[in-house]
Structures are given as C-alpha cells and as structure tokens.
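K.L.:
Got a file for you: model_25.pdb, PDB, C-alpha atoms.
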```
ATOM      1  CA  MET A 256     110.462 113.434 222.454
ATOM      2  CA  SER A 257     108.155 116.378 221.726
ATOM      3  CA  ARG A 258     105.052 115.796 219.653
ATOM      4  CA  ARG A 259     105.059 117.621 216.332
ATOM      5  CA  HIS A 260     101.911 119.395 215.225
ATOM      6  CA  LYS A 261     100.570 118.393 211.836
ATOM      7  CA  GLY A 262      99.743 121.222 209.482
ATOM      8  CA  ARG A 263     101.056 124.530 208.214
ATOM      9  CA  ASP A 264     102.991 126.965 210.377
ATOM     10  CA  VAL A 265     100.443 129.788 210.085
ATOM     11  CA  SER A 266     100.577 132.827 212.389
ATOM     12  CA  GLY A 267      98.166 135.718 212.773
ATOM     13  CA  ILE A 268      94.670 136.661 213.866
ATOM     14  CA  LEU A 269      91.494 136.051 211.896
ATOM     15  CA  VAL A 270      88.273 137.753 212.957
ATOM     16  CA  ILE A 271      85.217 135.621 212.235
ATOM     17  CA  ASP A 272      81.568 136.676 212.192
ATOM     18  CA  LYS A 273      80.274 133.667 214.099
ATOM     19  CA  PRO A 274      76.901 132.371 212.882
ATOM     20  CA  GLN A 275      74.084 131.322 215.183
ATOM     21  CA  GLY A 276      73.686 127.704 216.199
ATOM     22  CA  LEU A 277      77.344 126.672 216.153
ATOM     23  CA  THR A 278      79.837 126.545 218.993
ATOM     24  CA  SER A 279      82.954 128.705 218.950
ATOM     25  CA  ASN A 280      85.089 125.557 218.909
ATOM     26  CA  GLY A 281      83.099 124.210 215.969
ATOM     27  CA  ILE A 282      83.872 127.343 213.965
ATOM     28  CA  LEU A 283      87.509 127.205 215.071
ATOM     29  CA  GLN A 284      87.889 123.646 213.767
ATOM     30  CA  GLN A 285      86.278 124.574 210.426
ATOM     31  CA  VAL A 286      88.628 127.509 209.929
ATOM     32  CA  LYS A 287      91.649 125.571 211.138
ATOM     33  CA  ARG A 288      90.949 122.959 208.460
ATOM     34  CA  LEU A 289      90.542 125.651 205.792
ATOM     35  CA  TYR A 290      93.996 126.955 206.640
ATOM     36  CA  GLY A 291      95.514 123.545 207.283
ATOM     37  CA  ALA A 292      96.968 125.208 210.374
ATOM     38  CA  ALA A 293      99.053 123.359 212.930
ATOM     39  CA  LYS A 294      98.026 125.484 215.916
ATOM     40  CA  ALA A 295      94.929 127.593 216.537
ATOM     41  CA  GLY A 296      92.652 128.750 219.333
ATOM     42  CA  HIS A 297      89.823 131.185 220.016
ATOM     43  CA  THR A 298      89.760 134.048 222.500
ATOM     44  CA  GLY A 299      86.720 133.252 224.607
ATOM     45  CA  ALA A 300      83.681 131.252 223.588
ATOM     46  CA  LEU A 301      80.383 132.655 222.389
ATOM     47  CA  ASP A 302      77.249 130.658 223.173
ATOM     48  CA  PRO A 303      75.684 128.825 220.190
ATOM     49  CA  LEU A 304      72.831 131.371 220.312
ATOM     50  CA  ALA A 305      75.241 134.285 219.904
ATOM     51  CA  THR A 306      76.669 135.682 216.681
ATOM     52  CA  GLY A 307      79.325 138.228 215.830
ATOM     53  CA  VAL A 308      82.960 139.050 216.485
ATOM     54  CA  LEU A 309      85.085 136.006 217.327
ATOM     55  CA  PRO A 310      88.861 136.511 216.978
ATOM     56  CA  LEU A 311      90.770 133.312 216.208
ATOM     57  CA  CYS A 312      94.503 133.039 216.854
ATOM     58  CA  PHE A 313      96.968 131.003 214.800
ATOM     59  CA  GLY A 314     100.540 130.054 215.616
ATOM     60  CA  GLU A 315     102.459 132.807 217.391
ATOM     61  CA  ALA A 316      99.281 134.830 217.908
ATOM     62  CA  THR A 317      98.000 132.210 220.370
ATOM     63  CA  LYS A 318     100.519 133.597 222.872
ATOM     64  CA  PHE A 319      98.300 136.669 223.209
ATOM     65  CA  SER A 320      94.921 134.922 223.414
ATOM     66  CA  GLN A 321      94.616 135.529 227.173
ATOM     67  CA  THR A 322      95.335 139.234 226.712
ATOM     68  CA  MET A 323      92.623 139.349 224.050
ATOM     69  CA  LEU A 324      90.251 137.443 226.321
ATOM     70  CA  ASP A 325      90.790 140.107 228.992
ATOM     71  CA  SER A 326      89.717 142.920 226.644
ATOM     72  CA  ASP A 327      86.487 144.922 226.757
ATOM     73  CA  LYS A 328      83.482 143.633 224.793
ATOM     74  CA  ALA A 329      80.357 145.121 223.212
ATOM     75  CA  TYR A 330      77.042 143.490 222.324
ATOM     76  CA  ILE A 331      73.590 144.129 220.934
ATOM     77  CA  ALA A 332      70.992 141.997 222.696
ATOM     78  CA  THR A 333      67.278 141.415 222.252
ATOM     79  CA  ALA A 334      65.443 140.645 225.496
ATOM     80  CA  ARG A 335      62.047 138.951 225.714
ATOM     81  CA  LEU A 336      60.108 140.473 228.587
ATOM     82  CA  GLY A 337      57.644 138.580 230.751
ATOM     83  CA  GLU A 338      59.408 135.209 230.572
ATOM     84  CA  ARG A 339      62.233 133.688 232.577
ATOM     85  CA  THR A 340      64.015 130.593 231.315
ATOM     86  CA  GLU A 341      66.245 128.096 233.094
ATOM     87  CA  THR A 342      69.284 129.196 231.087
ATOM     88  CA  GLY A 343      68.599 132.921 230.808
ATOM     89  CA  ASP A 344      68.223 132.632 227.032
ATOM     90  CA  SER A 345      65.839 131.110 224.499
ATOM     91  CA  GLU A 346      67.683 127.774 224.504
ATOM     92  CA  GLY A 347      66.241 126.962 227.941
ATOM     93  CA  SER A 348      62.738 126.028 228.998
ATOM     94  CA  VAL A 349      60.429 128.747 230.285
ATOM     95  CA  VAL A 350      60.196 128.527 234.079
ATOM     96  CA  GLU A 351      58.033 131.574 234.805
ATOM     97  CA  ASN A 352      55.590 133.895 233.016
ATOM     98  CA  ARG A 353      54.646 137.322 234.356
ATOM     99  CA  PRO A 354      52.733 140.191 232.739
ATOM    100  CA  VAL A 355      54.760 143.018 231.228
ATOM    101  CA  PRO A 356      53.836 146.309 232.921
ATOM    102  CA  GLU A 357      51.602 148.528 230.826
ATOM    103  CA  GLY A 358      52.977 151.804 229.557
ATOM    104  CA  LEU A 359      56.557 150.564 229.448
ATOM    105  CA  THR A 360      58.312 153.362 227.563
ATOM    106  CA  ALA A 361      61.870 154.597 227.201
ATOM    107  CA  ASP A 362      61.161 157.255 229.833
ATOM    108  CA  VAL A 363      60.106 154.541 232.276
ATOM    109  CA  LEU A 364      63.022 152.251 231.456
ATOM    110  CA  GLU A 365      65.861 154.780 231.597
ATOM    111  CA  PRO A 366      65.924 155.144 235.411
ATOM    112  CA  LEU A 367      65.870 151.327 235.720
ATOM    113  CA  LEU A 368      68.693 150.876 233.233
ATOM    114  CA  ASP A 369      70.750 153.501 235.042
ATOM    115  CA  ARG A 370      71.026 151.100 238.001
ATOM    116  CA  PHE A 371      73.129 148.821 235.802
ATOM    117  CA  ARG A 372      75.536 151.411 234.420
ATOM    118  CA  GLY A 373      79.040 151.802 235.804
ATOM    119  CA  ASP A 374      80.578 149.477 238.390
ATOM    120  CA  ILE A 375      78.112 146.775 239.446
ATOM    121  CA  GLN A 376      78.106 143.408 241.177
ATOM    122  CA  GLN A 377      76.880 140.501 239.057
ATOM    123  CA  VAL A 378      76.095 136.900 240.006
ATOM    124  CA  PRO A 379      77.206 134.625 237.132
ATOM    125  CA  SER A 380      74.659 132.327 235.528
ATOM    126  CA  MET A 381      74.600 128.655 236.509
ATOM    127  CA  TYR A 382      74.750 128.013 232.759
ATOM    128  CA  SER A 383      78.211 129.537 232.433
ATOM    129  CA  ALA A 384      81.608 127.966 231.841
ATOM    130  CA  LEU A 385      82.941 129.140 235.213
ATOM    131  CA  LYS A 386      84.355 126.185 237.097
ATOM    132  CA  HIS A 387      83.550 124.764 240.519
ATOM    133  CA  LYS A 388      85.836 121.974 241.736
ATOM    134  CA  GLY A 389      87.197 121.542 238.234
ATOM    135  CA  ARG A 390      83.823 121.262 236.492
ATOM    136  CA  PRO A 391      81.973 124.009 234.580
ATOM    137  CA  LEU A 392      78.853 125.297 236.287
ATOM    138  CA  TYR A 393      76.620 124.307 233.369
ATOM    139  CA  GLU A 394      77.362 120.630 234.073
ATOM    140  CA  TYR A 395      75.961 121.020 237.593
ATOM    141  CA  ALA A 396      72.998 122.995 236.239
ATOM    142  CA  ARG A 397      72.100 120.220 233.796
ATOM    143  CA  GLN A 398      72.007 117.821 236.743
ATOM    144  CA  GLY A 399      69.703 120.146 238.659
ATOM    145  CA  ILE A 400      72.418 121.089 241.153
ATOM    146  CA  GLU A 401      72.568 124.721 242.261
ATOM    147  CA  ILE A 402      76.019 126.011 243.261
ATOM    148  CA  GLU A 403      76.318 129.182 245.310
ATOM    149  CA  ARG A 404      78.099 131.829 243.229
ATOM    150  CA  PRO A 405      79.520 134.968 244.812
ATOM    151  CA  ALA A 406      78.777 138.233 243.015
ATOM    152  CA  ARG A 407      81.676 139.549 240.968
ATOM    153  CA  PRO A 408      82.539 143.154 240.095
ATOM    154  CA  VAL A 409      82.082 144.132 236.442
ATOM    155  CA  THR A 410      81.842 147.489 234.719
ATOM    156  CA  ILE A 411      79.126 148.463 232.265
ATOM    157  CA  TYR A 412      80.686 151.350 230.334
ATOM    158  CA  SER A 413      77.508 152.012 228.388
ATOM    159  CA  LEU A 414      73.977 150.597 228.333
ATOM    160  CA  GLU A 415      71.747 152.037 225.645
ATOM    161  CA  LEU A 416      68.101 151.270 224.961
ATOM    162  CA  LEU A 417      67.839 150.908 221.173
ATOM    163  CA  ALA A 418      64.183 149.941 220.820
ATOM    164  CA  ILE A 419      61.166 148.702 222.750
ATOM    165  CA  ARG A 420      58.161 146.946 221.226
ATOM    166  CA  ASP A 421      55.371 144.892 222.775
ATOM    167  CA  ASN A 422      57.224 142.339 224.937
ATOM    168  CA  GLU A 423      60.776 142.852 223.591
ATOM    169  CA  MET A 424      63.524 145.402 223.851
ATOM    170  CA  ASP A 425      66.909 145.847 222.167
ATOM    171  CA  ILE A 426      69.895 147.091 224.153
ATOM    172  CA  ALA A 427      73.522 147.903 223.297
ATOM    173  CA  VAL A 428      76.119 147.110 225.960
ATOM    174  CA  LYS A 429      79.828 147.844 226.268
ATOM    175  CA  CYS A 430      81.428 146.140 229.247
ATOM    176  CA  THR A 431      84.485 144.613 230.854
ATOM    177  CA  LYS A 432      85.496 140.990 230.510
ATOM    178  CA  GLY A 433      83.513 138.513 232.556
ATOM    179  CA  THR A 434      80.180 140.298 232.095
ATOM    180  CA  TYR A 435      77.327 137.894 231.397
ATOM    181  CA  ILE A 436      74.742 139.513 229.163
ATOM    182  CA  ARG A 437      72.215 136.811 230.077
ATOM    183  CA  SER A 438      72.583 137.699 233.743
ATOM    184  CA  LEU A 439      72.367 141.415 232.941
ATOM    185  CA  VAL A 440      69.132 140.898 231.000
ATOM    186  CA  GLU A 441      67.690 138.727 233.766
ATOM    187  CA  ASP A 442      68.536 141.386 236.360
ATOM    188  CA  ILE A 443      66.983 144.129 234.221
ATOM    189  CA  GLY A 444      63.873 141.971 233.857
ATOM    190  CA  GLU A 445      63.627 141.674 237.623
ATOM    191  CA  ALA A 446      64.039 145.447 238.003
ATOM    192  CA  ILE A 447      61.150 145.939 235.559
ATOM    193  CA  GLY A 448      59.136 143.403 237.542
ATOM    194  CA  CYS A 449      58.296 140.894 234.826
ATOM    195  CA  GLY A 450      61.459 138.858 234.230
ATOM    196  CA  ALA A 451      63.317 138.575 230.931
ATOM    197  CA  HIS A 452      65.626 136.383 228.878
ATOM    198  CA  VAL A 453      67.899 136.803 225.851
ATOM    199  CA  VAL A 454      66.477 135.792 222.469
ATOM    200  CA  ALA A 455      69.239 137.252 220.275
ATOM    201  CA  LEU A 456      72.816 138.287 221.030
ATOM    202  CA  ARG A 457      75.386 139.772 218.662
ATOM    203  CA  ARG A 458      78.914 140.660 219.741
ATOM    204  CA  THR A 459      80.056 143.821 218.004
ATOM    205  CA  LEU A 460      83.466 144.331 219.656
ATOM    206  CA  ALA A 461      86.205 142.084 221.048
ATOM    207  CA  ALA A 462      89.956 142.676 221.425
ATOM    208  CA  GLY A 463      89.546 145.970 219.570
ATOM    209  CA  PHE A 464      88.031 144.268 216.516
ATOM    210  CA  THR A 465      84.561 145.110 215.192
ATOM    211  CA  LEU A 466      82.149 143.535 212.717
ATOM    212  CA  ALA A 467      83.834 145.579 209.988
ATOM    213  CA  ASP A 468      86.938 143.414 210.519
ATOM    214  CA  ALA A 469      85.067 140.103 210.445
ATOM    215  CA  HIS A 470      84.880 137.428 207.756
ATOM    216  CA  ASP A 471      82.311 134.658 207.320
ATOM    217  CA  VAL A 472      83.130 130.994 206.766
ATOM    218  CA  PRO A 473      81.034 130.571 203.563
ATOM    219  CA  GLY A 474      82.961 133.443 201.981
ATOM    220  CA  MET A 475      86.251 131.818 202.960
ATOM    221  CA  GLU A 476      85.111 128.465 201.558
ATOM    222  CA  ALA A 477      84.263 130.218 198.289
ATOM    223  CA  MET A 478      87.774 131.679 198.207
ATOM    224  CA  ARG A 479      89.226 128.201 198.623
ATOM    225  CA  GLU A 480      87.092 126.889 195.761
ATOM    226  CA  ARG A 481      88.487 129.687 193.574
ATOM    227  CA  GLU A 482      91.962 128.620 194.765
ATOM    228  CA  GLU A 483      92.548 132.011 196.378
ATOM    229  CA  SER A 484      94.880 132.200 199.367
ATOM    230  CA  LEU A 485      93.278 132.885 202.737
ATOM    231  CA  ASP A 486      96.534 134.088 204.289
ATOM    232  CA  GLY A 487      95.802 137.674 203.279
ATOM    233  CA  LEU A 488      92.844 137.721 205.680
ATOM    234  CA  LEU A 489      95.151 137.311 208.686
ATOM    235  CA  VAL A 490      96.308 140.318 210.676
ATOM    236  CA  ALA A 491      99.461 140.518 212.786
ATOM    237  CA  PRO A 492      99.273 139.692 216.531
ATOM    238  CA  ASP A 493      99.998 143.269 217.566
ATOM    239  CA  ALA A 494      96.757 144.392 215.885
ATOM    240  CA  ALA A 495      94.966 143.151 219.014
ATOM    241  CA  LEU A 496      97.337 144.918 221.418
ATOM    242  CA  SER A 497      96.812 148.550 220.470
ATOM    243  CA  MET A 498      95.631 149.328 224.014
ATOM    244  CA  PHE A 499      99.277 149.104 225.131
ATOM    245  CA  PRO A 500     101.917 151.764 224.343
ATOM    246  CA  GLU A 501     104.773 150.848 222.020
ATOM    247  CA  HIS A 502     108.534 151.167 222.440
ATOM    248  CA  ARG A 503     111.314 150.430 219.946
ATOM    249  CA  LEU A 504     114.619 148.780 220.794
ATOM    250  CA  SER A 505     117.848 148.249 218.908
ATOM    251  CA  GLY A 506     121.372 147.035 219.473
ATOM    252  CA  PRO A 507     122.388 144.960 222.509
ATOM    253  CA  VAL A 508     119.168 145.593 224.454
ATOM    254  CA  LEU A 509     117.138 144.216 221.550
ATOM    255  CA  VAL A 510     119.339 141.118 221.408
ATOM    256  CA  SER A 511     118.985 140.616 225.163
ATOM    257  CA  ILE A 512     115.216 140.902 225.224
ATOM    258  CA  LEU A 513     114.942 138.549 222.232
ATOM    259  CA  ASN A 514     116.877 136.049 224.330
ATOM    260  CA  GLY A 515     114.284 136.393 227.096
ATOM    261  CA  GLN A 516     116.403 138.605 229.346
ATOM    262  CA  ALA A 517     115.168 141.661 231.213
ATOM    263  CA  VAL A 518     116.797 144.902 230.060
ATOM    264  CA  ARG A 519     117.228 148.420 231.405
ATOM    265  CA  ILE A 520     116.571 151.464 229.242
ATOM    266  CA  GLU A 521     116.987 155.165 229.944
ATOM    267  CA  ALA A 522     113.478 156.057 228.786
ATOM    268  CA  GLN A 523     110.917 156.644 231.518
ATOM    269  CA  LEU A 524     107.917 154.476 230.631
ATOM    270  CA  GLU A 525     104.703 154.060 232.571
ATOM    271  CA  GLN A 526     104.309 150.842 234.538
ATOM    272  CA  GLY A 527     102.417 148.120 232.686
ATOM    273  CA  TYR A 528     102.555 146.186 229.449
ATOM    274  CA  VAL A 529     104.397 147.616 226.454
ATOM    275  CA  ARG A 530     104.429 146.526 222.808
ATOM    276  CA  VAL A 531     108.099 146.119 221.912
ATOM    277  CA  TYR A 532     109.419 146.527 218.354
ATOM    278  CA  GLY A 533     112.861 146.078 216.858
ATOM    279  CA  ASN A 534     114.096 146.490 213.276
ATOM    280  CA  GLN A 535     110.523 147.463 212.337
ATOM    281  CA  ASP A 536     109.186 144.089 213.518
ATOM    282  CA  PHE A 537     106.920 143.347 216.460
ATOM    283  CA  VAL A 538     108.936 141.595 219.176
ATOM    284  CA  GLY A 539     106.230 140.927 221.736
ATOM    285  CA  LEU A 540     104.884 142.154 225.045
ATOM    286  CA  ALA A 541     107.106 143.255 227.900
ATOM    287  CA  GLU A 542     106.228 144.625 231.313
ATOM    288  CA  ALA A 543     107.689 148.006 232.237
ATOM    289  CA  PHE A 544     108.905 148.827 235.748
ATOM    290  CA  PRO A 545     110.005 152.485 235.927
ATOM    291  CA  ASP A 546     112.331 153.871 238.591
ATOM    292  CA  SER A 547     114.434 156.992 239.116
ATOM    293  CA  GLU A 548     117.097 155.835 236.634
ATOM    294  CA  GLY A 549     114.877 154.694 233.761
ATOM    295  CA  THR A 550     112.811 151.577 233.164
ATOM    296  CA  GLN A 551     113.311 147.864 233.446
ATOM    297  CA  LEU A 552     111.611 145.890 230.664
ATOM    298  CA  VAL A 553     110.773 142.274 231.460
ATOM    299  CA  PRO A 554     109.741 140.150 228.454
ATOM    300  CA  LYS A 555     106.396 138.377 228.891
ATOM    301  CA  ARG A 556     105.317 137.086 225.465
ATOM    302  CA  LEU A 557     107.742 137.078 222.549
ATOM    303  CA  VAL A 558     107.059 136.102 218.942
ATOM    304  CA  LYS A 559     109.558 133.951 217.066
ATOM    305  CA  THR A 560     110.008 136.198 214.064
ATOM    306  CA  GLY A 561     109.881 139.565 215.788
ATOM    307  CA  GLY A 562     112.956 141.762 215.497
ATOM    308  CA  ARG A 563     115.234 139.025 214.141
ATOM    309  CA  LEU A 564     115.581 140.219 210.555
TER     310      LEU A 564
END
```
Now that the file is in, can you turn its structure into structure tokens?
P.N.:
Amino acid sequence: MSRRHKGRDVSGILVIDKPQGLTSNGILQQVKRLYGAAKAGHTGALDPLATGVLPLCFGEATKFSQTMLDSDKAYIATARLGERTETGDSEGSVVENRPVPEGLTADVLEPLLDRFRGDIQQVPSMYSALKHKGRPLYEYARQGIEIERPARPVTIYSLELLAIRDNEMDIAVKCTKGTYIRSLVEDIGEAIGCGAHVVALRRTLAAGFTLADAHDVPGMEAMREREESLDGLLVAPDAALSMFPEHRLSGPVLVSILNGQAVRIEAQLEQGYVRVYGNQDFVGLAEAFPDSEGTQLVPKRLVKTGGRL
C-alpha cells in the first residue's frame, strides 16, 4: 500500500531570496509549511553563509529539479585576502595569515584572474557535499580526515573584478554547475600569493531565475497574515526550462506521448531535450533523436496536467 503525502497538491516553482545563516532545507521546510504542500524540494543547496536565488519545486515541478540543478549559476562574492580558513569561508577557523602584497590594483589582478576564466580544472573543497563511500566530504573533514579529490572540469564564463579595498575584493562569477566559489576564491588567493577565503556570497542566477524573480519568507508570512493566497507567486515548471527548444503536438501523437510512448514526427528537430506542448499546455520534457525521415521523441519527464484538457 503506497503512503499518501499529507498536505495540499501544489505544483509550481517558487524562487526564494535565501537569507544568511539558514540552511536551504530549513528555508524549504518553512515555505512548505506556509503552502501546506504535500511535496517539495530545492534545486541544490546554498551554504548557510550564502544568500540569494534558491528555486524551490512543488508537486509536478519536482520532476525537473535535477535539470534545474544542472543549470548555469552566477554569484557575487566578497573575498578576504591574507587569510586562509579550514572551510574556505568565514565559518571556519583561520589556519594561515600572510601579508597582502602592496600595490594590489585592478591592473595587477586582471592577469591573475584571467587564469581562471574559461575551462579550468578545480579540486572540490573538503567541506563540500560531494560523497565518498556514501558519506559527504564535510563529514570526513570535521573528523580531520583528508580525502584525495581529483580535479574536475568546470567552466567560468565570466569573472569580473567589481571592487578592491584594503584586504578585500568583490568579484562577479558566472559558471557551470559544480563550480565551488570557495575553491575558486582560495585558488585566486594562492595566485595572488597571500591566500583568501569567502566572507560573503550571493547567488544572483540559478535555473534562469534572477533576484528580480525572488521572494522573501517574511513577505510571504505577511501575506498569510493578511489571508492572501501565496499560490500566485508560483510559476509553471516550464519557466525553468527555457534553455530547451519547444515543439507542439496534437492528435494521436500527443495521446501516445502522454501515455509515455515514444513517437515519430516528420519535423526535423535537433538532438537533445525538447519542451513538449499540447492543447496549449506544457506536457513535459522529451528527448529528440533526428534521422533522415524525421525525429523520434522519447518522453523523459511528463507532468500530470499537461496537454490533457
């Protein structure tokens, strides 16, 4: 017998401006209670230190959380120069102090920062959620155990120096998934020759959403006190999938794909994921496999209400 979820059947995406000092799961549970939602999840945790864009998925939207997790991200980070910490951020103890080079200007920093633009290899922090033998690395780190981590390829699309003052600098980063800003800042600190760690981190982009799309929990709580519905803050799941082309279906092929069956169409689509629509409704994601006679569409993630009206 399947276990029934308690709560409302709410579907959609809510973008939260995560405050500092709370975990992503803590915010998720607060918002889930506000909605009385049966099913919810986030799309990749932000450290308690970090603030900014945190998309939360409810109901049918949770089917696309992995796709959203795989999206590009953007951040604004403040780095403290001259200090290394055990965690790579201000939540860890200082393990080394070194003098900041004199005359550190934008002209001096630009050639150093250029080493970290484009495709780079990055060693993940020991204080990350990456797993080794089923346990996150940070659990080993807290026990003083160092695990060898192979470098991983990431892409830094842009790395901009926003400001430099005394022993701090602000940078803006746009990057692929899996990029650790703490590790990036530590590596930049080593390139400068004095070490560095993150003292502030704000995510400005995730899954195509920006801070302009984000809501804060106190504002939502105030809406509840005024007995205003929060449902209007939700956006449809396909709002996070705009990076994929769309294709519309009708008739028998729509019925087949709604039943989870692969279909053939005459249109020549590019290989990869496609947003599928039918009867004006979002159906879900399918994978396109073109050939000389058209394209085969294989359903990957379908929503319950899509295309059925």
K.L.:
Residue by residue, what does the PyMOL selection byres ((chain A and resi 454) around 9) grab here? Present the result as a ChimeraX atom specification.
P.N.:
/A:304,332-335,344-346,452-453,455-456
K.L.:
Tell me, in Å to one decimal, how far CA of Ala361 (chain A) is from CA of Ile419 (chain A).
P.N.:
7.4 Å
K.L.:
Just the number, please: distance in Å from CA of Phe371 (chain A) to CA of Glu341 (chain A), one decimal.
P.N.:
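Atom-to-atom, CA of Phe371 (chain A) and CA of Glu341 (chain A) are spaced 22.0 Å apart.
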K.L.:
Please enumerate the residues selected by the PyMOL selection byres ((chain A and resi 377-387) around 12) when evaluated against the supplied file, formatted as a VMD selection string.
P.N.:
chain A and resid 299 to 302 340 to 344 346 to 347 371 to 376 388 to 411 431 433 to 443 452
K.L.:
Can you pull out every residue within 9 Å of Gln526 (chain A), counting only C-alpha atoms, but drop anything in the same chain fewer than 4 positions away, and send it as a short mmCIF file (atom, residue, chain, number, x, y, z; two decimals) with C-alpha atoms, in the frame of the given file?
P.N.:
```cif
data_model
loop_
_atom_site.label_atom_id
_atom_site.label_comp_id
_atom_site.auth_asym_id
_atom_site.auth_seq_id
_atom_site.Cartn_x
_atom_site.Cartn_y
_atom_site.Cartn_z
CA GLU A 542 106.23 144.62 231.31
CA ALA A 543 107.69 148.01 232.24
CA PHE A 544 108.90 148.83 235.75
CA PRO A 545 110.00 152.49 235.93
CA THR A 550 112.81 151.58 233.16
#
```
K.L.:
Work out how far CA of Arg457 (chain A) is from CA of Gly267 (chain A), in Å to one decimal.
P.N.:
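Between these atoms lies a distance of 23.9 Å.
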K.L.:
Given the file shown, enumerate the residues that the PyMOL selection byres ((chain A and resi 288) around 12) captures and present them as JSON, numbers by chain.
P.N.:
{"A": [261, 262, 263, 265, 281, 282, 283, 284, 285, 286, 287, 289, 290, 291, 292, 293, 294, 295, 313, 472, 475, 476, 479, 485]}
K.L.:
Hey, could you pull the box centre and edge lengths for region 301-320 of chain A, axis-aligned, 8 Å padding per side, all listed atoms, to one decimal in Å, as lines of an AutoDock Vina configuration file?
P.N.:
```
center_x = 87.6
center_y = 133.9
center_z = 219.1
size_x = 45.6
size_y = 26.2
size_z = 24.6
```
K.L.:
Calculated over all atoms listed in the file, which of the candidates A:Phe537, A:Tyr528, A:Val363, A:Cys430 has the smallest distance to Arg458 (chain A)?
P.N.:
A:Cys430
K.L.:
Which one is closest to Ala491 (chain A): A:Pro507, A:Pro554, A:Gly337, A:Gly314? Count all atoms listed in the file.
P.N.:
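Smallest separation from Ala491 (chain A) among the options: A:Gly314.
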K.L.:
Point out the residue among A:Glu351, A:Glu415, A:Asp421, A:Glu483 with the least atom-to-atom distance to Glu365 (chain A), counting only C-alpha atoms.
P.N.:
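Of all the options, A:Glu415 lies closest to Glu365 (chain A).
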K.L.:
Which residue gives the smallest distance to Tyr330 (chain A) among A:Glu501, A:Asp425, A:Asp486, A:Asp471, with all atoms listed in the file counted?
P.N.:
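Counting all atoms listed in the file, the residue closest to Tyr330 (chain A) is A:Asp425.
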K.L.:
Write out as a list in words each polymer residue whose atoms come within 8 Å of Pro274 (chain A), counting all atoms listed in the file; drop sequence neighbours fewer than 4 positions from it.
P.N.:
Ala305, Thr306 and Gly307 of chain A
K.L.:
With distances taken over all atoms listed in the file, which residue among A:Leu367, A:Leu309, A:Leu557, A:Val270 lies nearest Ala494 (chain A)?
P.N.:
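For Ala494 (chain A), the nearest of the given residues is A:Val270.
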K.L.:
Can you work out which one of A:Pro303, A:Gly276, A:Pro354, A:Pro310 has the shortest atom-to-atom distance to Leu460 (chain A), counting all atoms listed in the file?
P.N.:
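Of the candidates, the smallest distance to Leu460 (chain A) is held by A:Pro310.
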K.L.:
Set the distance at 12 Å and use all atoms listed in the file: which residues neighbour Arg420 (chain A) once local chain neighbours fewer than 2 positions away are removed? I'd like the list as a short mmCIF file (atom, residue, chain, number, x, y, z; two decimals) with C-alpha atoms, in the coordinates of the input.
P.N.:
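What landed in around-v6.cif:
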```cif
data_model
loop_
_atom_site.label_atom_id
_atom_site.label_comp_id
_atom_site.auth_asym_id
_atom_site.auth_seq_id
_atom_site.Cartn_x
_atom_site.Cartn_y
_atom_site.Cartn_z
CA THR A 333 67.28 141.42 222.25
CA ALA A 334 65.44 140.65 225.50
CA ARG A 335 62.05 138.95 225.71
CA LEU A 336 60.11 140.47 228.59
CA VAL A 355 54.76 143.02 231.23
CA GLU A 357 51.60 148.53 230.83
CA GLY A 358 52.98 151.80 229.56
CA LEU A 359 56.56 150.56 229.45
CA THR A 360 58.31 153.36 227.56
CA ALA A 361 61.87 154.60 227.20
CA LEU A 416 68.10 151.27 224.96
CA LEU A 417 67.84 150.91 221.17
CA ALA A 418 64.18 149.94 220.82
CA ASN A 422 57.22 142.34 224.94
CA GLU A 423 60.78 142.85 223.59
CA MET A 424 63.52 145.40 223.85
CA ASP A 425 66.91 145.85 222.17
#
```
K.L.:
So that I can check the surroundings of Glu548 (chain A), please list as a PDB file with C-alpha atoms, in the frame of the given file every protein, DNA and RNA residue that reaches within 12 Å of it, counting all atoms listed in the file and ignoring chain neighbours fewer than 6 positions away.
P.N.:
```
ATOM      1  CA  ARG A 519     117.228 148.420 231.405  1.00  0.00           C
ATOM      2  CA  ILE A 520     116.571 151.464 229.242  1.00  0.00           C
ATOM      3  CA  GLU A 521     116.987 155.165 229.944  1.00  0.00           C
ATOM      4  CA  ALA A 522     113.478 156.057 228.786  1.00  0.00           C
ATOM      5  CA  GLN A 523     110.917 156.644 231.518  1.00  0.00           C
ATOM      6  CA  LEU A 524     107.917 154.476 230.631  1.00  0.00           C
TER       7      LEU A 524
END
```
K.L.:
Could you pull region 423-444 of chain A out of the structure just shown and give C-alpha atoms as a CSV table (one decimal), in the first residue's frame?
P.N.:
```
chain,number,residue,atom,x,y,z
A,423,GLU,CA,39.1,42.5,0.4
A,424,MET,CA,37.8,42.3,-3.1
A,425,ASP,CA,34.4,41.7,-4.7
A,426,ILE,CA,34.1,39.5,-7.8
A,427,ALA,CA,31.1,38.5,-10.0
A,428,VAL,CA,31.2,35.0,-11.4
A,429,LYS,CA,29.1,33.1,-13.9
A,430,CYS,CA,29.9,29.4,-14.2
A,431,THR,CA,28.7,25.9,-14.9
A,432,LYS,CA,27.2,23.6,-12.3
A,433,GLY,CA,29.6,22.0,-9.9
A,434,THR,CA,31.8,25.1,-9.5
A,435,TYR,CA,32.8,25.8,-5.9
A,436,ILE,CA,33.2,29.5,-5.4
A,437,ARG,CA,35.1,28.9,-2.1
A,438,SER,CA,37.6,26.8,-4.0
A,439,LEU,CA,37.8,29.5,-6.8
A,440,VAL,CA,38.5,32.2,-4.2
A,441,GLU,CA,41.1,30.0,-2.4
A,442,ASP,CA,42.8,29.4,-5.8
A,443,ILE,CA,42.8,33.1,-6.6
A,444,GLY,CA,44.3,33.9,-3.2
```
